[in-house]
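Asker: Have a look at this one before I ask anything.
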Amino acid sequence: MNINISGDFALLVAGGLILALILSNLLMRVLKRYKPKWHKRILSWRFRAGVTLLILLFIAVALVKVIFIKVDSGQVGVLWKRLGGGTFVEHPFYEGTVLVYPWDTLTIYSSRFQTATTEIHAITSEGLRIKMEITVRYRPVVEHIPYLHKLVGTDYLDEIVIPEVASAVRMIVSDYTAEEVYANQRLKIQDQLLSTVLREVQLQEKSILKQEKSEMQGHNLVNLDDMLIRQVDIPEGVHSAIVAKVNQMHLYQEYKMRLDVAEKEAERKKVEAQGIADFQETVSGGISETYLRWRGIEATIELAKSNNAKVVVIGSGKDGLPLILNTEGSTSALPASAKSIATDPQSQEPQTPNASKKPQ
């Protein structure tokens, strides 16, 4: 019988041995006091018993790695019985320590999710040969690992999964061009690969399980969680052509955006010009020349109030509006009357011919 030994059981055995040693010492003391003959006889057997115990202990230490097999975390064991009908398919042995007869074998399988990466060469619909690096994430069905061990073996990845993945990759890639595989159809190809491989693996497992019990028909031996295309290597010329095409596409989009902006700007200017024309048509008959002159005088007054140095000549304009002269610039171009006004501020006040004469 093969059983799983827990840590508590090991502590219980160690405690039992210590207790047996203590009880044997007490028994020897009692026999020495009340039954000396039995005590002497037992002492005569002690040497032979000690030698026998040492031999048994040596054998146990030598066989401990064969008899007590540890099943680590994330692992399961499949037992093969030499005298019990071969592979034990009733159930696998889970985490812990398994007591196995020396003539039996316990094979350890990983029950965790695992990944495998393989390189596959395929031909596209254009006849180009490309190389793809595919990563498969898989996990064996824990309850059916004994059947997996019996019918396939520990190399189930290379026997079942990888061949189906390679076949599905070659079949699906042949429907796409190199540009689609390399660029914009990668996610779609991944989904098709996963569904195709799952279907093919299930069909293969059904054919494998036909020779087993009827209750195993339709069950899976391996679960495929996902498939990823990690890398696609295409010919250098095709790669350069794809890059050039992408660059031209972005240039086309840039020029198209520029044209859209220019059209919008032209439309804006057209609307602005139409608005100005409508405004002029609306106000042309309602504003008199006198009103415009008055608004010009108001604007001149506001400019004259600023801090900039200037000279305002009233009534010097063609239409009667004030004339503003900037005194910070050169006065050589000014008329003689304007120069005298700019250089002699007192001359701004008008004088009469008789103003300089005193009354007599």
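By convention in this document, the chains of the structure tokens carry letters A, B, ... by their order, each chain's residues are numbered from 1, and ligands are numbered from 1 in the order they are shown.
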At a cut-off of 7 Å, using only C-alpha atoms, what residues contact Glu164 (chain A)? Leave out same-chain residues fewer than 3 positions from it and give the result as a ChimeraX atom specification.

Answerer: /A:160-161,167-168,197,200-201

Asker: Please produce an output containing all heavy atoms for each residue in the selection, written as a JSON list (two decimals), in the first residue's frame.

Answerer:
[["chain", "number", "residue", "atom", "x", "y", "z"],
["A", 160, "ILE", "N", 2.44, 16.05, -28.33],
["A", 160, "ILE", "CA", 1.06, 16.47, -28.60],
["A", 160, "ILE", "C", 0.96, 17.94, -29.00],
["A", 160, "ILE", "O", 0.40, 18.29, -30.03],
["A", 160, "ILE", "CB", 0.14, 16.18, -27.39],
["A", 160, "ILE", "CG1", 0.04, 14.68, -27.13],
["A", 160, "ILE", "CG2", -1.25, 16.75, -27.62],
["A", 160, "ILE", "CD1", -0.82, 14.33, -25.94],
["A", 161, "VAL", "N", 1.51, 18.82, -28.15],
["A", 161, "VAL", "CA", 1.23, 20.26, -28.27],
["A", 161, "VAL", "C", 2.00, 20.88, -29.43],
["A", 161, "VAL", "O", 1.40, 21.50, -30.33],
["A", 161, "VAL", "CB", 1.55, 20.97, -26.94],
["A", 161, "VAL", "CG1", 1.27, 22.46, -27.08],
["A", 161, "VAL", "CG2", 0.74, 20.37, -25.81],
["A", 167, "SER", "N", 1.56, 22.78, -37.07],
["A", 167, "SER", "CA", 0.64, 22.53, -38.18],
["A", 167, "SER", "C", -0.37, 23.67, -38.32],
["A", 167, "SER", "O", -0.66, 24.13, -39.44],
["A", 167, "SER", "CB", -0.08, 21.20, -37.95],
["A", 167, "SER", "OG", -1.05, 20.97, -38.95],
["A", 168, "ALA", "N", -0.90, 24.15, -37.19],
["A", 168, "ALA", "CA", -1.89, 25.23, -37.25],
["A", 168, "ALA", "C", -1.26, 26.52, -37.74],
["A", 168, "ALA", "O", -1.88, 27.28, -38.51],
["A", 168, "ALA", "CB", -2.50, 25.43, -35.86],
["A", 197, "VAL", "N", -5.69, 25.09, -32.56],
["A", 197, "VAL", "CA", -4.87, 24.13, -31.82],
["A", 197, "VAL", "C", -5.70, 23.43, -30.75],
["A", 197, "VAL", "O", -5.55, 22.22, -30.54],
["A", 197, "VAL", "CB", -3.65, 24.84, -31.21],
["A", 197, "VAL", "CG1", -2.88, 23.89, -30.30],
["A", 197, "VAL", "CG2", -2.73, 25.35, -32.30],
["A", 200, "GLU", "N", -7.74, 20.78, -32.54],
["A", 200, "GLU", "CA", -6.93, 19.66, -33.01],
["A", 200, "GLU", "C", -6.41, 18.80, -31.86],
["A", 200, "GLU", "O", -6.36, 17.56, -31.95],
["A", 200, "GLU", "CB", -5.76, 20.18, -33.85],
["A", 200, "GLU", "CG", -6.18, 20.88, -35.13],
["A", 200, "GLU", "CD", -6.89, 19.94, -36.08],
["A", 200, "GLU", "OE1", -6.58, 18.73, -36.06],
["A", 200, "GLU", "OE2", -7.77, 20.40, -36.83],
["A", 201, "VAL", "N", -6.02, 19.43, -30.76],
["A", 201, "VAL", "CA", -5.53, 18.67, -29.61],
["A", 201, "VAL", "C", -6.65, 17.82, -29.01],
["A", 201, "VAL", "O", -6.43, 16.66, -28.61],
["A", 201, "VAL", "CB", -4.93, 19.63, -28.56],
["A", 201, "VAL", "CG1", -4.68, 18.90, -27.24],
["A", 201, "VAL", "CG2", -3.63, 20.21, -29.07]]

Asker: Which of region 71-302 of chain A end up as strand (DSSP E) when DSSP is run on this backbone - answer as a ChimeraX atom specification?

Answerer: /A:71,75-81,86-87,96-99,105-110,114-123,129-140,222-233

Asker: From the DSSP assignment of the backbone, select every residue of region 19-185 of chain A that is helix (DSSP H, G or I), and format the answer as a tab-separated table (two decimals) with N, CA, C and O atoms, in the first residue's frame.

Answerer:
chain	number	residue	atom	x	y	z
A	19	LEU	N	9.90	7.43	23.13
A	19	LEU	CA	9.15	6.81	24.22
A	19	LEU	C	9.52	5.35	24.40
A	19	LEU	O	9.66	4.85	25.55
A	20	ALA	N	9.73	4.62	23.31
A	20	ALA	CA	10.13	3.22	23.40
A	20	ALA	C	11.51	3.08	24.05
A	20	ALA	O	11.75	2.16	24.85
A	21	LEU	N	12.41	3.99	23.76
A	21	LEU	CA	13.75	3.95	24.37
A	21	LEU	C	13.67	4.19	25.86
A	21	LEU	O	14.34	3.50	26.66
A	22	ILE	N	12.84	5.12	26.28
A	22	ILE	CA	12.70	5.39	27.72
A	22	ILE	C	12.09	4.19	28.43
A	22	ILE	O	12.55	3.77	29.52
A	23	LEU	N	11.07	3.61	27.82
A	23	LEU	CA	10.42	2.46	28.45
A	23	LEU	C	11.35	1.26	28.54
A	23	LEU	O	11.34	0.50	29.52
A	24	SER	N	12.21	1.07	27.51
A	24	SER	CA	13.16	-0.06	27.55
A	24	SER	C	14.18	0.12	28.67
A	24	SER	O	14.57	-0.84	29.35
A	25	ASN	N	14.63	1.33	28.90
A	25	ASN	CA	15.57	1.58	29.99
A	25	ASN	C	14.92	1.31	31.35
A	25	ASN	O	15.53	0.71	32.26
A	26	LEU	N	13.69	1.73	31.51
A	26	LEU	CA	12.98	1.46	32.77
A	26	LEU	C	12.78	-0.04	32.98
A	26	LEU	O	12.91	-0.57	34.11
A	27	LEU	N	12.46	-0.74	31.87
A	27	LEU	CA	12.27	-2.19	31.98
A	27	LEU	C	13.56	-2.90	32.39
A	27	LEU	O	13.55	-3.84	33.21
A	28	MET	N	14.68	-2.45	31.82
A	28	MET	CA	15.96	-3.07	32.19
A	28	MET	C	16.29	-2.83	33.66
A	28	MET	O	16.83	-3.72	34.35
A	29	ARG	N	15.96	-1.69	34.19
A	29	ARG	CA	16.20	-1.43	35.61
A	29	ARG	C	15.34	-2.33	36.50
A	29	ARG	O	15.79	-2.86	37.53
A	30	VAL	N	14.09	-2.50	36.07
A	30	VAL	CA	13.20	-3.36	36.86
A	30	VAL	C	13.68	-4.82	36.82
A	30	VAL	O	13.69	-5.53	37.85
A	31	LEU	N	14.08	-5.27	35.61
A	31	LEU	CA	14.56	-6.65	35.51
A	31	LEU	C	15.85	-6.86	36.31
A	31	LEU	O	16.08	-7.93	36.89
A	32	LYS	N	16.72	-5.89	36.31
A	32	LYS	CA	17.97	-6.01	37.06
A	32	LYS	C	17.72	-6.14	38.55
A	32	LYS	O	18.46	-6.84	39.28
A	33	ARG	N	16.66	-5.53	39.04
A	33	ARG	CA	16.37	-5.58	40.48
A	33	ARG	C	15.59	-6.82	40.86
A	33	ARG	O	15.87	-7.45	41.89
A	34	TYR	N	14.59	-7.18	40.07
A	34	TYR	CA	13.70	-8.28	40.47
A	34	TYR	C	13.98	-9.57	39.70
A	34	TYR	O	13.67	-10.66	40.19
A	36	PRO	N	17.20	-10.84	37.97
A	36	PRO	CA	18.59	-10.69	37.51
A	36	PRO	C	18.96	-11.67	36.41
A	36	PRO	O	19.78	-11.35	35.54
A	37	LYS	N	18.39	-12.88	36.42
A	37	LYS	CA	18.72	-13.85	35.37
A	37	LYS	C	18.25	-13.34	34.00
A	37	LYS	O	18.96	-13.46	33.00
A	38	TRP	N	17.05	-12.84	33.97
A	38	TRP	CA	16.54	-12.30	32.68
A	38	TRP	C	17.37	-11.09	32.24
A	38	TRP	O	17.61	-10.88	31.06
A	39	HIS	N	17.81	-10.33	33.21
A	39	HIS	CA	18.61	-9.16	32.89
A	39	HIS	C	19.94	-9.57	32.26
A	39	HIS	O	20.38	-8.96	31.27
A	40	LYS	N	20.59	-10.58	32.80
A	40	LYS	CA	21.84	-11.06	32.23
A	40	LYS	C	21.64	-11.63	30.84
A	40	LYS	O	22.46	-11.46	29.94
A	41	ARG	N	20.55	-12.37	30.67
A	41	ARG	CA	20.28	-12.95	29.35
A	41	ARG	C	20.04	-11.85	28.30
A	41	ARG	O	20.52	-11.95	27.16
A	42	ILE	N	19.32	-10.82	28.70
A	42	ILE	CA	19.07	-9.72	27.76
A	42	ILE	C	20.36	-8.98	27.44
A	42	ILE	O	20.60	-8.57	26.29
A	43	LEU	N	21.22	-8.82	28.45
A	43	LEU	CA	22.50	-8.16	28.21
A	43	LEU	C	23.37	-8.96	27.24
A	43	LEU	O	24.13	-8.39	26.45
A	44	SER	N	23.27	-10.28	27.30
A	44	SER	CA	24.04	-11.12	26.36
A	44	SER	C	23.53	-10.97	24.94
A	44	SER	O	24.28	-11.17	23.97
A	45	TRP	N	22.27	-10.67	24.83
A	45	TRP	CA	21.71	-10.45	23.48
A	45	TRP	C	21.90	-9.00	22.97
A	45	TRP	O	21.65	-8.70	21.82
A	46	ARG	N	22.32	-8.11	23.84
A	46	ARG	CA	22.39	-6.70	23.45
A	46	ARG	C	23.39	-6.48	22.32
A	46	ARG	O	23.13	-5.68	21.41
A	47	PHE	N	24.53	-7.15	22.37
A	47	PHE	CA	25.54	-6.95	21.33
A	47	PHE	C	25.00	-7.36	19.97
A	47	PHE	O	25.10	-6.61	18.99
A	48	ARG	N	24.42	-8.55	19.90
A	48	ARG	CA	23.86	-9.01	18.62
A	48	ARG	C	22.70	-8.12	18.17
A	48	ARG	O	22.54	-7.82	16.99
A	49	ALA	N	21.88	-7.68	19.12
A	49	ALA	CA	20.77	-6.79	18.76
A	49	ALA	C	21.28	-5.44	18.24
A	49	ALA	O	20.73	-4.86	17.30
A	50	GLY	N	22.37	-4.94	18.88
A	50	GLY	CA	22.94	-3.68	18.43
A	50	GLY	C	23.50	-3.77	17.03
A	50	GLY	O	23.32	-2.86	16.21
A	51	VAL	N	24.21	-4.86	16.73
A	51	VAL	CA	24.76	-5.04	15.39
A	51	VAL	C	23.63	-5.13	14.36
A	51	VAL	O	23.69	-4.53	13.28
A	52	THR	N	22.62	-5.91	14.72
A	52	THR	CA	21.47	-6.02	13.80
A	52	THR	C	20.79	-4.68	13.58
A	52	THR	O	20.40	-4.33	12.45
A	53	LEU	N	20.66	-3.90	14.65
A	53	LEU	CA	20.01	-2.59	14.53
A	53	LEU	C	20.83	-1.65	13.66
A	53	LEU	O	20.27	-0.88	12.85
A	54	LEU	N	22.15	-1.69	13.78
A	54	LEU	CA	23.00	-0.85	12.95
A	54	LEU	C	22.89	-1.22	11.47
A	54	LEU	O	22.86	-0.34	10.59
A	55	ILE	N	22.81	-2.52	11.18
A	55	ILE	CA	22.66	-2.96	9.78
A	55	ILE	C	21.32	-2.48	9.22
A	55	ILE	O	21.24	-1.96	8.09
A	56	LEU	N	20.27	-2.64	10.03
A	56	LEU	CA	18.95	-2.18	9.56
A	56	LEU	C	18.92	-0.67	9.38
A	56	LEU	O	18.30	-0.16	8.44
A	57	LEU	N	19.58	0.07	10.27
A	57	LEU	CA	19.63	1.52	10.14
A	57	LEU	C	20.39	1.93	8.88
A	57	LEU	O	19.98	2.87	8.17
A	58	PHE	N	21.47	1.25	8.56
A	58	PHE	CA	22.23	1.55	7.35
A	58	PHE	C	21.39	1.29	6.10
A	58	PHE	O	21.38	2.10	5.16
A	59	ILE	N	20.66	0.19	6.11
A	59	ILE	CA	19.79	-0.11	4.96
A	59	ILE	C	18.69	0.94	4.83
A	59	ILE	O	18.36	1.39	3.72
A	60	ALA	N	18.13	1.36	5.95
A	60	ALA	CA	17.06	2.37	5.91
A	60	ALA	C	17.57	3.70	5.38
A	60	ALA	O	16.90	4.37	4.58
A	61	VAL	N	18.77	4.10	5.83
A	61	VAL	CA	19.34	5.36	5.35
A	61	VAL	C	19.63	5.28	3.85
A	61	VAL	O	19.44	6.24	3.11
A	62	ALA	N	20.11	4.11	3.40
A	62	ALA	CA	20.42	3.96	1.97
A	62	ALA	C	19.16	3.98	1.11
A	62	ALA	O	19.19	4.44	-0.04
A	63	LEU	N	18.06	3.49	1.65
A	63	LEU	CA	16.82	3.40	0.88
A	63	LEU	C	15.83	4.52	1.17
A	63	LEU	O	14.73	4.51	0.59
A	64	VAL	N	16.21	5.48	2.04
A	64	VAL	CA	15.23	6.50	2.41
A	64	VAL	C	14.84	7.38	1.22
A	64	VAL	O	13.68	7.79	1.09
A	65	LYS	N	15.80	7.65	0.30
A	65	LYS	CA	15.48	8.47	-0.86
A	65	LYS	C	14.65	7.72	-1.89
A	65	LYS	O	14.03	8.33	-2.76
A	66	VAL	N	14.66	6.40	-1.79
A	66	VAL	CA	13.89	5.59	-2.72
A	66	VAL	C	12.50	5.29	-2.16
A	66	VAL	O	11.51	5.23	-2.90
A	67	ILE	N	12.42	5.16	-0.88
A	67	ILE	CA	11.15	4.80	-0.24
A	67	ILE	C	10.31	6.03	0.07
A	67	ILE	O	9.12	6.07	-0.21
A	142	VAL	N	-4.84	17.89	-14.05
A	142	VAL	CA	-4.26	17.19	-12.91
A	142	VAL	C	-4.92	15.84	-12.68
A	142	VAL	O	-4.25	14.83	-12.44
A	143	GLU	N	-6.24	15.78	-12.78
A	143	GLU	CA	-6.94	14.53	-12.51
A	143	GLU	C	-6.60	13.44	-13.52
A	143	GLU	O	-6.72	12.24	-13.21
A	144	HIS	N	-6.18	13.84	-14.72
A	144	HIS	CA	-5.92	12.86	-15.79
A	144	HIS	C	-4.44	12.68	-16.07
A	144	HIS	O	-4.08	12.09	-17.10
A	145	ILE	N	-3.59	13.16	-15.18
A	145	ILE	CA	-2.15	12.99	-15.38
A	145	ILE	C	-1.74	11.51	-15.42
A	145	ILE	O	-0.84	11.15	-16.19
A	146	PRO	N	-2.35	10.61	-14.61
A	146	PRO	CA	-1.98	9.19	-14.77
A	146	PRO	C	-2.23	8.66	-16.18
A	146	PRO	O	-1.39	7.90	-16.71
A	147	TYR	N	-3.35	9.03	-16.82
A	147	TYR	CA	-3.59	8.61	-18.19
A	147	TYR	C	-2.60	9.27	-19.15
A	147	TYR	O	-2.16	8.65	-20.12
A	148	LEU	N	-2.26	10.55	-18.89
A	148	LEU	CA	-1.27	11.22	-19.71
A	148	LEU	C	0.08	10.52	-19.62
A	148	LEU	O	0.77	10.34	-20.63
A	149	HIS	N	0.43	10.07	-18.41
A	149	HIS	CA	1.70	9.36	-18.24
A	149	HIS	C	1.68	7.99	-18.92
A	149	HIS	O	2.67	7.58	-19.54
A	150	LYS	N	0.55	7.34	-18.85
A	150	LYS	CA	0.46	6.00	-19.42
A	150	LYS	C	0.41	6.02	-20.95
A	150	LYS	O	1.05	5.19	-21.62
A	151	LEU	N	-0.33	6.98	-21.52
A	151	LEU	CA	-0.57	6.97	-22.96
A	151	LEU	C	0.41	7.83	-23.75
A	151	LEU	O	0.66	7.56	-24.93
A	156	TYR	N	5.04	14.90	-23.29
A	156	TYR	CA	3.75	15.19	-23.94
A	156	TYR	C	3.77	16.54	-24.66
A	156	TYR	O	3.02	16.73	-25.62
A	157	LEU	N	4.62	17.47	-24.23
A	157	LEU	CA	4.70	18.76	-24.92
A	157	LEU	C	5.18	18.57	-26.36
A	157	LEU	O	4.59	19.11	-27.31
A	158	ASP	N	6.24	17.79	-26.55
A	158	ASP	CA	6.78	17.56	-27.89
A	158	ASP	C	5.96	16.54	-28.67
A	158	ASP	O	6.03	16.52	-29.91
A	159	GLU	N	5.20	15.71	-27.96
A	159	GLU	CA	4.43	14.68	-28.65
A	159	GLU	C	3.05	15.16	-29.09
A	159	GLU	O	2.54	14.71	-30.12
A	160	ILE	N	2.44	16.05	-28.33
A	160	ILE	CA	1.06	16.47	-28.60
A	160	ILE	C	0.96	17.94	-29.00
A	160	ILE	O	0.40	18.29	-30.03
A	161	VAL	N	1.51	18.82	-28.15
A	161	VAL	CA	1.23	20.26	-28.27
A	161	VAL	C	2.00	20.88	-29.43
A	161	VAL	O	1.40	21.50	-30.33
A	162	ILE	N	3.33	20.75	-29.43
A	162	ILE	CA	4.16	21.45	-30.42
A	162	ILE	C	3.82	21.03	-31.85
A	162	ILE	O	3.72	21.90	-32.74
A	163	PRO	N	3.65	19.73	-32.17
A	163	PRO	CA	3.28	19.40	-33.55
A	163	PRO	C	1.97	20.03	-34.00
A	163	PRO	O	1.86	20.48	-35.16
A	164	GLU	N	0.97	20.08	-33.12
A	164	GLU	CA	-0.30	20.70	-33.51
A	164	GLU	C	-0.14	22.20	-33.68
A	164	GLU	O	-0.76	22.79	-34.58
A	165	VAL	N	0.67	22.83	-32.85
A	165	VAL	CA	0.92	24.26	-32.99
A	165	VAL	C	1.60	24.56	-34.33
A	165	VAL	O	1.22	25.49	-35.05
A	166	ALA	N	2.62	23.79	-34.66
A	166	ALA	CA	3.32	24.01	-35.92
A	166	ALA	C	2.40	23.82	-37.12
A	166	ALA	O	2.42	24.60	-38.08
A	167	SER	N	1.56	22.78	-37.07
A	167	SER	CA	0.64	22.53	-38.18
A	167	SER	C	-0.37	23.67	-38.32
A	167	SER	O	-0.66	24.13	-39.44
A	168	ALA	N	-0.90	24.15	-37.19
A	168	ALA	CA	-1.89	25.23	-37.25
A	168	ALA	C	-1.26	26.52	-37.74
A	168	ALA	O	-1.88	27.28	-38.51
A	169	VAL	N	-0.03	26.81	-37.33
A	169	VAL	CA	0.64	28.04	-37.78
A	169	VAL	C	0.83	28.02	-39.29
A	169	VAL	O	0.54	29.01	-39.99
A	170	ARG	N	1.31	26.91	-39.83
A	170	ARG	CA	1.53	26.83	-41.28
A	170	ARG	C	0.21	26.93	-42.06
A	170	ARG	O	0.17	27.54	-43.13
A	171	MET	N	-0.85	26.36	-41.51
A	171	MET	CA	-2.13	26.38	-42.20
A	171	MET	C	-2.75	27.77	-42.20
A	171	MET	O	-3.29	28.24	-43.21
A	172	ILE	N	-2.67	28.48	-41.06
A	172	ILE	CA	-3.31	29.80	-40.95
A	172	ILE	C	-2.50	30.88	-41.65
A	172	ILE	O	-3.05	31.76	-42.31
A	173	VAL	N	-1.18	30.83	-41.51
A	173	VAL	CA	-0.34	31.86	-42.13
A	173	VAL	C	-0.44	31.82	-43.65
A	173	VAL	O	-0.29	32.84	-44.32
A	178	ALA	N	2.54	38.63	-46.00
A	178	ALA	CA	3.61	38.90	-45.03
A	178	ALA	C	3.36	40.20	-44.26
A	178	ALA	O	3.64	40.29	-43.06
A	179	GLU	N	2.81	41.19	-44.94
A	179	GLU	CA	2.52	42.46	-44.26
A	179	GLU	C	1.45	42.28	-43.20
A	179	GLU	O	1.53	42.86	-42.11
A	180	GLU	N	0.42	41.49	-43.48
A	180	GLU	CA	-0.65	41.26	-42.50
A	180	GLU	C	-0.13	40.50	-41.29
A	180	GLU	O	-0.50	40.81	-40.15
A	181	VAL	N	0.70	39.51	-41.51
A	181	VAL	CA	1.26	38.75	-40.39
A	181	VAL	C	2.19	39.62	-39.56
A	181	VAL	O	2.21	39.55	-38.33
A	182	TYR	N	2.94	40.48	-40.24
A	182	TYR	CA	3.95	41.30	-39.56
A	182	TYR	C	3.32	42.48	-38.83
A	182	TYR	O	3.83	42.91	-37.80

Asker: List the neighbours of Val238 (chain A) out to 10 Å using only C-alpha atoms; skip same-chain residues closer than 3 positions along the sequence, and give me the result as a count of residues only.

Answerer: 9
